[in-house]
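Everything on this sheet refers to the single structure shown next.
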Amino acid sequence: MKKATRAVALSILFTCACSSASTTPEDWAKVKTPAPGDPNTIGNYTNGCVQGAEKLPDSGPGFARYTLRSNRGFGHPNLVGWLKRYSLQLSENNLAVIIEDLSQPRGGPMPGTHESHQTGLDVDIWYYAPTANELATKTPAQVLKLTQKSMLGQDGRVDPKRMTQQEVAKIKAAAQTPGVERIFVHSAIKVYLCKTEKSEKPEDRAWLRVIRPWKNHIRHFHARMACPPDSPDCEVQDANPEGDGCEEAMDRLTKGFPTDWFDKSAKPELPSSCIDVLHAPDPS
Ligand SMILES: [Zn+2]
């Protein structure tokens with residue numbers, strides 16, 4: 001091979017290797033269909049993707065999707081199935097939820113705010129929602145006119161007029177669902193939930209272990225499902241600390257968070273099989 005030709009060949013090789021290994025959030029956002037194949041979650045919640053995702057309908061018994069970003073209504077079937085069952089169960093007591101972002105059709109990083117929501121196992125759910133009967137009368141355009149409500153008052157603590165027994169019941173029902181591994185809420189909200197659970201029995205307080213104190217999350221909670229059994233390449237997270245985590249929540253509220261928890265400098269490459277998921281042809 002001549003020197004010049006070899007240089008061109010090498011540069012093509014190099015270019016191809018580069019473009020297949022790195023992707024941008026916009027690449028993932030452009031794709032409108034799930035990757036074909038059996039459901040499979042790959043990687044971890046902040047660096048991964050999903051094959052065989054399902055779309056959550058825009059509405060159903062006890063729920064409506066807030067469809068401002070309509071391309072973010074996809075999840076592993078475990079997540080979508082749970083959301084339908086959970087909402088149906090709430091609707092039997094005339095409660096409902098407004099569901100915002102799940103994942104993009106093939107997961108992956110999103111342009112904008114979310115660090116996680118990459119593997120079809122995360123979902124944001126508003127604390128506030130109209131009753132199930134009211135919500136059932138609303139069109140998608142009317143749902144888009146609703147606004148999230150902060151659960152905190154001016155003093156930075158939970159306002160019980162906003163976070164009523166109904167909001168608490170919705171969070172508790174989610175936390176008691178097998179397969180829901182973590183629910184992120186603002187630290188002040190976890191402290192409040194700890195106080196409203198009057199029982200001292202460990203078994204009655206077990207649901208609080210699932211509730212994780214976090215920053216923000218004053219208008220919606222973030223529920224995260226465990227790695228599905230059908231997904232051997234899904235990275236399992238550490239288990240939540242033992243106990244109800246109420247002391248830790250008070251510490252987070254008063255002392256804040258270790259800064260290295262939010263260090264974004266070392267961002268690993270996506271798992272290489274996610275590149276195949278991104279480029280898989282649409283099912284015909
Ligand atoms: Zn979220």
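Each chain of the structure tokens is named A, B, ... in the order shown, its residues numbered from 1; ligands are numbered from 1 in display order.
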
Could you build a table of the residues in chain A lying no more than 8 Å from ligand 1, giving for each the nearest pair of atoms and their separation in Å rounded to one decimal place, using only C-alpha atoms and all ligand atoms, ordered by chain and ascending residue number, as CSV?
```
residue,atom,partner,partner_atom_place_in_ligand_line,distance
A:Asp101,CA,ligand 1,1 (Zn),7.1
A:Leu102,CA,ligand 1,1 (Zn),7.8
A:His114,CA,ligand 1,1 (Zn),6.5
A:Ser116,CA,ligand 1,1 (Zn),6.9
A:His117,CA,ligand 1,1 (Zn),6.5
A:Asp122,CA,ligand 1,1 (Zn),6.5
A:Val123,CA,ligand 1,1 (Zn),5.7
A:Asp124,CA,ligand 1,1 (Zn),4.7
A:Phe221,CA,ligand 1,1 (Zn),7.2
A:His222,CA,ligand 1,1 (Zn),4.7
A:Ala223,CA,ligand 1,1 (Zn),7.4
```

Using C-alpha atoms, can you write the selected residues to a file as an mmCIF file, in the first residue's frame?
```cif
data_model
loop_
_atom_site.group_PDB
_atom_site.id
_atom_site.type_symbol
_atom_site.label_atom_id
_atom_site.label_comp_id
_atom_site.auth_asym_id
_atom_site.auth_seq_id
_atom_site.Cartn_x
_atom_site.Cartn_y
_atom_site.Cartn_z
ATOM 1 C CA ASP A 101 -40.213 11.878 31.568
ATOM 2 C CA LEU A 102 -39.348 8.203 31.301
ATOM 3 C CA HIS A 114 -31.387 14.531 33.218
ATOM 4 C CA SER A 116 -30.101 9.373 34.539
ATOM 5 C CA HIS A 117 -33.256 8.155 32.717
ATOM 6 C CA ASP A 122 -36.463 5.788 35.644
ATOM 7 C CA VAL A 123 -39.580 7.950 35.716
ATOM 8 C CA ASP A 124 -40.567 11.375 37.062
ATOM 9 C CA PHE A 221 -40.457 12.389 42.726
ATOM 10 C CA HIS A 222 -38.212 10.144 40.697
ATOM 11 C CA ALA A 223 -38.890 6.409 40.855
#
```

Using only C-alpha atoms, I'd like a table of the residues in segment 45-127 of chain A that come within 8 Å of segment 158-178 of chain A; for each, show the closest atom pair and its distance in Å rounded to one decimal, ordered by chain and ascending number, as a tab-separated table.
```
residue	atom	partner	partner_atom	distance
A:Tyr86	CA	A:Ala174	CA	7.2
A:Leu90	CA	A:Lys170	CA	7.4
A:Leu95	CA	A:Gln166	CA	7.4
A:Tyr127	CA	A:Glu167	CA	5.9
```

Exercise for the section: Using only C-alpha atoms, determine which residues lie at most 10 Å from segment 211-217 of chain A, disregarding the query and same-chain residues fewer than 6 positions distant; provide the list as JSON, numbers by chain. Expected result: {"A": [124, 125, 126, 127, 150, 151, 171, 172, 174, 175, 181, 182, 183, 184, 185, 186, 187, 188, 189, 190, 191, 193, 194, 223, 240, 241, 244, 245, 246, 248, 249, 250, 251, 252, 253, 256, 257]}

Selection from above, N, CA and C atoms, as a tab-separated table (two decimals), in the first residue's frame, can you write it?
```
chain	number	residue	atom	x	y	z
A	124	ASP	N	-40.21	10.24	36.20
A	124	ASP	CA	-40.57	11.37	37.06
A	124	ASP	C	-42.08	11.46	37.18
A	125	ILE	N	-42.55	11.57	38.41
A	125	ILE	CA	-43.99	11.62	38.68
A	125	ILE	C	-44.28	12.84	39.56
A	126	TRP	N	-45.23	13.65	39.14
A	126	TRP	CA	-45.57	14.83	39.94
A	126	TRP	C	-46.18	14.39	41.27
A	127	TYR	N	-45.89	15.17	42.30
A	127	TYR	CA	-46.60	14.92	43.57
A	127	TYR	C	-48.06	15.32	43.42
A	150	SER	N	-44.78	22.89	44.06
A	150	SER	CA	-43.77	22.58	45.08
A	150	SER	C	-44.46	22.13	46.36
A	151	MET	N	-43.87	21.17	47.01
A	151	MET	CA	-44.42	20.68	48.28
A	151	MET	C	-43.87	21.47	49.47
A	171	ILE	N	-46.88	8.26	47.21
A	171	ILE	CA	-45.45	7.93	47.33
A	171	ILE	C	-45.29	6.58	48.02
A	172	LYS	N	-46.09	6.37	49.08
A	172	LYS	CA	-45.97	5.12	49.84
A	172	LYS	C	-46.33	3.92	48.97
A	174	ALA	N	-46.03	3.65	45.78
A	174	ALA	CA	-44.93	3.40	44.83
A	174	ALA	C	-43.78	2.70	45.54
A	175	ALA	N	-43.46	3.17	46.75
A	175	ALA	CA	-42.31	2.62	47.48
A	175	ALA	C	-42.55	1.18	47.92
A	181	GLU	N	-36.89	0.24	43.30
A	181	GLU	CA	-35.72	0.11	44.17
A	181	GLU	C	-35.39	1.40	44.92
A	182	ARG	N	-35.63	2.53	44.25
A	182	ARG	CA	-35.34	3.82	44.87
A	182	ARG	C	-36.40	4.83	44.44
A	183	ILE	N	-36.72	5.73	45.37
A	183	ILE	CA	-37.55	6.90	45.02
A	183	ILE	C	-36.82	8.12	45.56
A	184	PHE	N	-36.43	9.02	44.67
A	184	PHE	CA	-35.69	10.21	45.09
A	184	PHE	C	-36.67	11.35	45.37
A	185	VAL	N	-36.51	11.93	46.55
A	185	VAL	CA	-37.32	13.10	46.94
A	185	VAL	C	-36.38	14.11	47.59
A	186	HIS	N	-36.83	15.36	47.71
A	186	HIS	CA	-36.04	16.35	48.43
A	186	HIS	C	-35.87	15.90	49.89
A	187	SER	N	-34.71	16.21	50.47
A	187	SER	CA	-34.44	15.77	51.86
A	187	SER	C	-35.56	16.18	52.82
A	188	ALA	N	-36.09	17.40	52.65
A	188	ALA	CA	-37.15	17.87	53.55
A	188	ALA	C	-38.40	17.00	53.42
A	189	ILE	N	-38.62	16.47	52.22
A	189	ILE	CA	-39.80	15.62	52.00
A	189	ILE	C	-39.58	14.26	52.68
A	190	LYS	N	-38.37	13.73	52.58
A	190	LYS	CA	-38.11	12.45	53.29
A	190	LYS	C	-38.27	12.65	54.80
A	191	VAL	N	-37.76	13.75	55.33
A	191	VAL	CA	-37.90	14.00	56.77
A	191	VAL	C	-39.39	14.04	57.14
A	193	LEU	N	-41.90	12.59	55.52
A	193	LEU	CA	-42.48	11.25	55.41
A	193	LEU	C	-42.11	10.41	56.63
A	194	CYS	N	-40.89	10.60	57.11
A	194	CYS	CA	-40.44	9.88	58.31
A	194	CYS	C	-41.34	10.22	59.50
A	223	ALA	N	-38.88	7.82	40.48
A	223	ALA	CA	-38.89	6.41	40.86
A	223	ALA	C	-37.97	5.63	39.93
A	240	ASN	N	-29.82	0.02	49.02
A	240	ASN	CA	-30.00	1.16	49.91
A	240	ASN	C	-29.47	0.80	51.29
A	241	PRO	N	-28.97	1.78	52.06
A	241	PRO	CA	-28.50	1.47	53.42
A	241	PRO	C	-29.63	0.83	54.24
A	244	ASP	N	-34.55	2.70	58.09
A	244	ASP	CA	-35.49	3.61	57.41
A	244	ASP	C	-34.81	4.84	56.82
A	245	GLY	N	-33.53	5.07	57.16
A	245	GLY	CA	-32.78	6.19	56.56
A	245	GLY	C	-33.23	7.56	57.03
A	246	CYS	N	-33.97	7.60	58.15
A	246	CYS	CA	-34.52	8.90	58.58
A	246	CYS	C	-33.46	9.80	59.19
A	248	GLU	N	-30.29	9.80	58.35
A	248	GLU	CA	-29.50	10.27	57.21
A	248	GLU	C	-30.20	11.44	56.52
A	249	ALA	N	-31.53	11.32	56.37
A	249	ALA	CA	-32.28	12.39	55.70
A	249	ALA	C	-32.16	13.70	56.47
A	250	MET	N	-32.23	13.61	57.80
A	250	MET	CA	-32.09	14.83	58.62
A	250	MET	C	-30.70	15.41	58.45
A	251	ASP	N	-29.69	14.55	58.38
A	251	ASP	CA	-28.31	15.02	58.16
A	251	ASP	C	-28.19	15.74	56.81
A	252	ARG	N	-28.77	15.14	55.78
A	252	ARG	CA	-28.69	15.76	54.44
A	252	ARG	C	-29.38	17.12	54.45
A	253	LEU	N	-30.49	17.19	55.17
A	253	LEU	CA	-31.25	18.44	55.20
A	253	LEU	C	-30.45	19.54	55.91
A	256	GLY	N	-26.24	19.08	54.22
A	256	GLY	CA	-26.03	19.02	52.76
A	256	GLY	C	-25.43	17.70	52.33
A	257	PHE	N	-24.92	17.67	51.11
A	257	PHE	CA	-24.44	16.43	50.48
A	257	PHE	C	-22.93	16.49	50.26
```

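Atom to atom, atom CA of Cys274 of chain A and atom CA of Glu235 of chain A stand 13.5 Å apart.
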
Exercise for the section: List every residue of segment 7-193 of chain A that DSSP, applied to the backbone of this structure, assigns to helix (DSSP H, G or I), and report them as JSON, numbers by chain. Expected result: {"A": [7, 8, 9, 10, 11, 12, 13, 14, 15, 16, 17, 18, 19, 20, 21, 25, 26, 27, 28, 29, 30, 67, 68, 69, 70, 71, 72, 77, 78, 79, 80, 81, 82, 83, 84, 85, 86, 87, 88, 89, 90, 91, 132, 133, 134, 135, 136, 140, 141, 142, 143, 144, 165, 166, 167, 168, 169, 170, 171, 172, 173, 174, 175, 187, 188, 189, 190, 191, 192, 193]}

Could you turn the residues from that selection into a file that holds C-alpha atoms, as a PDB file, in the first residue's frame?
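What landed in out.pdb:
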```
ATOM      1  CA  ALA A   7      -2.711   7.355   5.408  1.00  0.00           C
ATOM      2  CA  VAL A   8      -6.189   7.761   3.895  1.00  0.00           C
ATOM      3  CA  ALA A   9      -7.136   4.213   4.917  1.00  0.00           C
ATOM      4  CA  LEU A  10      -5.886   4.801   8.433  1.00  0.00           C
ATOM      5  CA  SER A  11      -7.729   8.076   8.696  1.00  0.00           C
ATOM      6  CA  ILE A  12     -10.969   6.383   7.549  1.00  0.00           C
ATOM      7  CA  LEU A  13     -10.439   3.627  10.101  1.00  0.00           C
ATOM      8  CA  PHE A  14      -9.756   6.180  12.799  1.00  0.00           C
ATOM      9  CA  THR A  15     -12.789   8.269  11.853  1.00  0.00           C
ATOM     10  CA  CYS A  16     -15.070   5.228  11.819  1.00  0.00           C
ATOM     11  CA  ALA A  17     -13.824   4.025  15.209  1.00  0.00           C
ATOM     12  CA  CYS A  18     -14.385   7.501  16.658  1.00  0.00           C
ATOM     13  CA  SER A  19     -17.855   8.036  15.280  1.00  0.00           C
ATOM     14  CA  SER A  20     -19.034   4.616  16.444  1.00  0.00           C
ATOM     15  CA  ALA A  21     -17.659   5.003  19.966  1.00  0.00           C
ATOM     16  CA  PRO A  25     -27.389  13.272  23.409  1.00  0.00           C
ATOM     17  CA  GLU A  26     -28.865  14.764  20.220  1.00  0.00           C
ATOM     18  CA  ASP A  27     -28.105  11.519  18.326  1.00  0.00           C
ATOM     19  CA  TRP A  28     -30.257   9.636  20.832  1.00  0.00           C
ATOM     20  CA  ALA A  29     -32.993  12.260  20.882  1.00  0.00           C
ATOM     21  CA  LYS A  30     -33.392  12.095  17.090  1.00  0.00           C
ATOM     22  CA  THR A  67     -46.264  15.277  26.893  1.00  0.00           C
ATOM     23  CA  LEU A  68     -44.225  18.427  26.487  1.00  0.00           C
ATOM     24  CA  ARG A  69     -41.326  16.171  25.480  1.00  0.00           C
ATOM     25  CA  SER A  70     -43.286  13.409  23.831  1.00  0.00           C
ATOM     26  CA  ASN A  71     -40.207  11.442  22.805  1.00  0.00           C
ATOM     27  CA  ARG A  72     -39.493  10.650  26.465  1.00  0.00           C
ATOM     28  CA  PRO A  77     -41.757  -3.156  29.845  1.00  0.00           C
ATOM     29  CA  ASN A  78     -41.227  -3.652  33.602  1.00  0.00           C
ATOM     30  CA  LEU A  79     -41.474   0.113  34.115  1.00  0.00           C
ATOM     31  CA  VAL A  80     -44.362   0.691  31.724  1.00  0.00           C
ATOM     32  CA  GLY A  81     -46.294  -2.281  33.161  1.00  0.00           C
ATOM     33  CA  TRP A  82     -45.760  -1.059  36.711  1.00  0.00           C
ATOM     34  CA  LEU A  83     -46.908   2.490  35.895  1.00  0.00           C
ATOM     35  CA  LYS A  84     -50.157   1.168  34.420  1.00  0.00           C
ATOM     36  CA  ARG A  85     -50.853  -1.114  37.407  1.00  0.00           C
ATOM     37  CA  TYR A  86     -49.861   1.560  39.941  1.00  0.00           C
ATOM     38  CA  SER A  87     -52.125   4.198  38.380  1.00  0.00           C
ATOM     39  CA  LEU A  88     -55.022   1.778  38.104  1.00  0.00           C
ATOM     40  CA  GLN A  89     -54.655   0.931  41.792  1.00  0.00           C
ATOM     41  CA  LEU A  90     -54.599   4.645  42.698  1.00  0.00           C
ATOM     42  CA  SER A  91     -57.668   5.332  40.552  1.00  0.00           C
ATOM     43  CA  ALA A 132     -58.646  10.495  38.797  1.00  0.00           C
ATOM     44  CA  ASN A 133     -62.185  11.510  37.825  1.00  0.00           C
ATOM     45  CA  GLU A 134     -61.095  15.057  36.975  1.00  0.00           C
ATOM     46  CA  LEU A 135     -58.017  13.938  35.108  1.00  0.00           C
ATOM     47  CA  ALA A 136     -60.063  11.528  32.981  1.00  0.00           C
ATOM     48  CA  PRO A 140     -53.660  16.173  26.378  1.00  0.00           C
ATOM     49  CA  ALA A 141     -53.689  19.930  25.652  1.00  0.00           C
ATOM     50  CA  GLN A 142     -55.480  20.592  28.947  1.00  0.00           C
ATOM     51  CA  VAL A 143     -53.010  18.379  30.819  1.00  0.00           C
ATOM     52  CA  LEU A 144     -50.195  20.497  29.375  1.00  0.00           C
ATOM     53  CA  GLN A 165     -52.383  12.467  52.969  1.00  0.00           C
ATOM     54  CA  GLN A 166     -53.122  11.803  49.316  1.00  0.00           C
ATOM     55  CA  GLU A 167     -49.653  12.759  48.125  1.00  0.00           C
ATOM     56  CA  VAL A 168     -48.138  10.697  50.945  1.00  0.00           C
ATOM     57  CA  ALA A 169     -50.329   7.724  49.963  1.00  0.00           C
ATOM     58  CA  LYS A 170     -49.120   7.925  46.347  1.00  0.00           C
ATOM     59  CA  ILE A 171     -45.452   7.926  47.327  1.00  0.00           C
ATOM     60  CA  LYS A 172     -45.969   5.125  49.844  1.00  0.00           C
ATOM     61  CA  ALA A 173     -47.803   2.949  47.303  1.00  0.00           C
ATOM     62  CA  ALA A 174     -44.935   3.402  44.834  1.00  0.00           C
ATOM     63  CA  ALA A 175     -42.311   2.624  47.479  1.00  0.00           C
ATOM     64  CA  SER A 187     -34.441  15.773  51.855  1.00  0.00           C
ATOM     65  CA  ALA A 188     -37.149  17.870  53.555  1.00  0.00           C
ATOM     66  CA  ILE A 189     -39.796  15.616  52.003  1.00  0.00           C
ATOM     67  CA  LYS A 190     -38.114  12.455  53.285  1.00  0.00           C
ATOM     68  CA  VAL A 191     -37.899  14.002  56.768  1.00  0.00           C
ATOM     69  CA  TYR A 192     -41.622  14.776  56.556  1.00  0.00           C
ATOM     70  CA  LEU A 193     -42.484  11.246  55.411  1.00  0.00           C
TER      71      LEU A 193
END
```

Handout entry: atom CA of Cys49 of chain A to atom CA of Gly112 of chain A, distance in Å rounded to a single decimal
Key =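 That distance, rounded to one decimal, is 16.8 Å.
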
Handout entry: Every residue of segment 104-266 of chain A that DSSP places in strand (DSSP E or B), as a list in words
Key = Gly107, Asp122, Val123, Asp124, Ile125, Trp126, Leu152, Val158, Val180, Glu181, Arg182, Ile183, Phe184, Val185, His186, Ile211, Arg212, Pro213, Trp214, His220, Phe221, His222, Ala223, Arg224, Met225 and Cys234 of chain A

Just write the chosen residues, C-alpha atoms, as a short mmCIF file (atom, residue, chain, number, x, y, z; two decimals), in the first residue's frame.
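For reference, selection03.cif as written:
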```cif
data_model
loop_
_atom_site.label_atom_id
_atom_site.label_comp_id
_atom_site.auth_asym_id
_atom_site.auth_seq_id
_atom_site.Cartn_x
_atom_site.Cartn_y
_atom_site.Cartn_z
CA GLY A 107 -32.69 5.37 26.18
CA ASP A 122 -36.46 5.79 35.64
CA VAL A 123 -39.58 7.95 35.72
CA ASP A 124 -40.57 11.37 37.06
CA ILE A 125 -43.99 11.62 38.68
CA TRP A 126 -45.57 14.83 39.94
CA LEU A 152 -42.31 23.12 50.32
CA VAL A 158 -42.97 20.64 53.72
CA VAL A 180 -39.18 -0.21 42.70
CA GLU A 181 -35.72 0.11 44.17
CA ARG A 182 -35.34 3.82 44.87
CA ILE A 183 -37.55 6.90 45.02
CA PHE A 184 -35.69 10.21 45.09
CA VAL A 185 -37.32 13.10 46.94
CA HIS A 186 -36.04 16.35 48.43
CA ILE A 211 -37.16 6.78 49.77
CA ARG A 212 -33.81 8.45 49.13
CA PRO A 213 -33.13 12.04 50.20
CA TRP A 214 -31.83 14.08 47.28
CA HIS A 220 -41.87 15.62 41.41
CA PHE A 221 -40.46 12.39 42.73
CA HIS A 222 -38.21 10.14 40.70
CA ALA A 223 -38.89 6.41 40.86
CA ARG A 224 -36.29 3.90 39.73
CA MET A 225 -36.81 0.22 39.08
CA CYS A 234 -27.76 -4.03 33.40
#
```
